[in-house]
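Q: Handing you a structure now.
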Amino acid sequence: MPTYVVLLGAPGAGKGTQAKRLSQALGLPHISSGDIFRENLKNQTELGELARQYMERGELVPDDVTIAMIRERLSRPDCAPGAILDGFPRTPAQAEALDKMLHDFGGQMDVVLYIKVSQQALIDRLAGRWMCRAHGHIYHERYNPPKQPGICDVDGSELYQRDDDKAETVKHRIEVYQRQTAPLIAYYRERGLLVDVDGEQPIDAVTAALLAAVPQRAE
Ligand code: AP5
């Protein structure tokens, strides 16, 4: 059976940072809805143009578009062993659609890891975040600085600050999260799938706590 792990948390909670680490540790692909939208934006596709209109305002891209995109991504051969999902699902309709698609792929959700971070820490993290142009590697000017300012340690590409990390947009993204995504915490807790992890520990400690919460599968 494939292994599916969902990372849930507010904007800036550390989902992308941790998903990359879990992906390496567990040997599963990292599927980030935000990264797929940004890749489409960069390549100026029709999907990218549609997503841009929502992303720059800090709103969610409509469910039907997002669900179809994730279904297509999860159906690719590299997801046969499962996936680490980062940023999806984000609404009750997406959560229901995910259950259905995992069932269609012969699997089910293994665990939902909820990374908890206070609002002040979220704002502080997003204000200081830098990302690499080539592959989206994530840095923070104080908490996880690159060796050389402005240059990615991994691939040497330029670092940039996301348009939606401007203070006003961040505030709105957090409100949208509270309204549309936070209800999923109760949804998954009631089903016994949610594990709470303190996201205000150092990055390595958060990774260790997340890995400890992923159920081990007998071969
Ligand atoms: P998306 O890219 O998913 O953004 P997000 O959910 O707002 O999350 P972020 O990427 O901002 O934060 P993160 O939790 O990954 O934190 P990170 O690891 O970078 O979505 C962007 C947009 O796309 C949405 O607004 C929407 O428009 C659209 N979209 C995406 N998915 C969608 C969906 N399913 N439906 C509809 N629309 C969708 O860390 C943040 C910073 O903190 C970094 O600088 C990092 O170095 C630092 N940091 C991380 N961990 C720690 C730590 N433990 N201690 C100190 N610093 C830390």
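Labels for the structure tokens follow display order: chains A, B, ..., residues from 1 in each chain, ligands from 1.
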I want to know what sits within 9 Å of Asp198 of chain A, based on only C-alpha atoms, with residues of the same chain fewer than 6 positions away left out; could you give that as a PyMOL selection string?

A: chain A and resi 114-117+206+209

Q: I need the residues in segment 30-174 of chain A that are alpha helix (DSSP H) according to DSSP; give them as a PyMOL selection string.

A: chain A and resi 33-42+46-55+63-74+92-104+119-127+167-174

Q: Would you name the residues within 7 Å of ligand 1, counting only C-alpha atoms and all ligand atoms, and put them as an NGL selection string?

A: :A and (9-18 or 32-35 or 37 or 51 or 54-55 or 58-63 or 66 or 86-90 or 125-126 or 128-130 or 138-140 or 143-144 or 173 or 199-203 or 206)

Q: I need the residues in segment 5-205 of chain A that are strand (DSSP E or B) according to DSSP; give them as a ChimeraX atom specification.

A: /A:5-8,30-32,82-86,109-116,129-132,138-140,144,151,158-160,194-198

Q: Select, from A:Met109, A:Ala186, A:Leu47, A:Leu7, the residue with the minimum atom-to-atom distance to Gly82 of chain A, counting only C-alpha atoms.

A: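 Between A:Met109, A:Ala186, A:Leu47, A:Leu7, the residue approaching Gly82 of chain A most closely is A:Met109.
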
Q: One number please: atom CA of Leu113 of chain A to atom CA of Val195 of chain A, in Å, one decimal.

A: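 So the two atoms, atom CA of Leu113 of chain A and atom CA of Val195 of chain A, lie 5.1 Å apart.
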
Q: Ranking A:Gln161, A:His135, A:Pro81, A:Asp110 by minimum distance to Pro215 of chain A and counting only C-alpha atoms, which one comes first?

A: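 Smallest separation from Pro215 of chain A among the options: A:Asp110.
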
Q: Can you work out which one of A:Pro92, A:Gly48, A:Pro2, A:Gly192 has the shortest atom-to-atom distance to Gln108 of chain A, counting only C-alpha atoms?

A: A:Pro2

Q: Need the shell around Leu74 of chain A: protein/DNA/RNA residues with any atom at most 10 Å away, counting only C-alpha atoms. Skip same-chain ones fewer than 2 positions apart. Format as a PyMOL selection string?

A: chain A and resi 29+31+69-72+76-80+82-83+85+101-102+105

Q: Out of A:Leu41, A:Ala95, A:Gln24, A:Arg52, which residue has the shortest atom-to-atom distance to Tyr188 of chain A when counting only C-alpha atoms?

A: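 Ranking A:Leu41, A:Ala95, A:Gln24, A:Arg52 by distance to Tyr188 of chain A, first place goes to A:Ala95.
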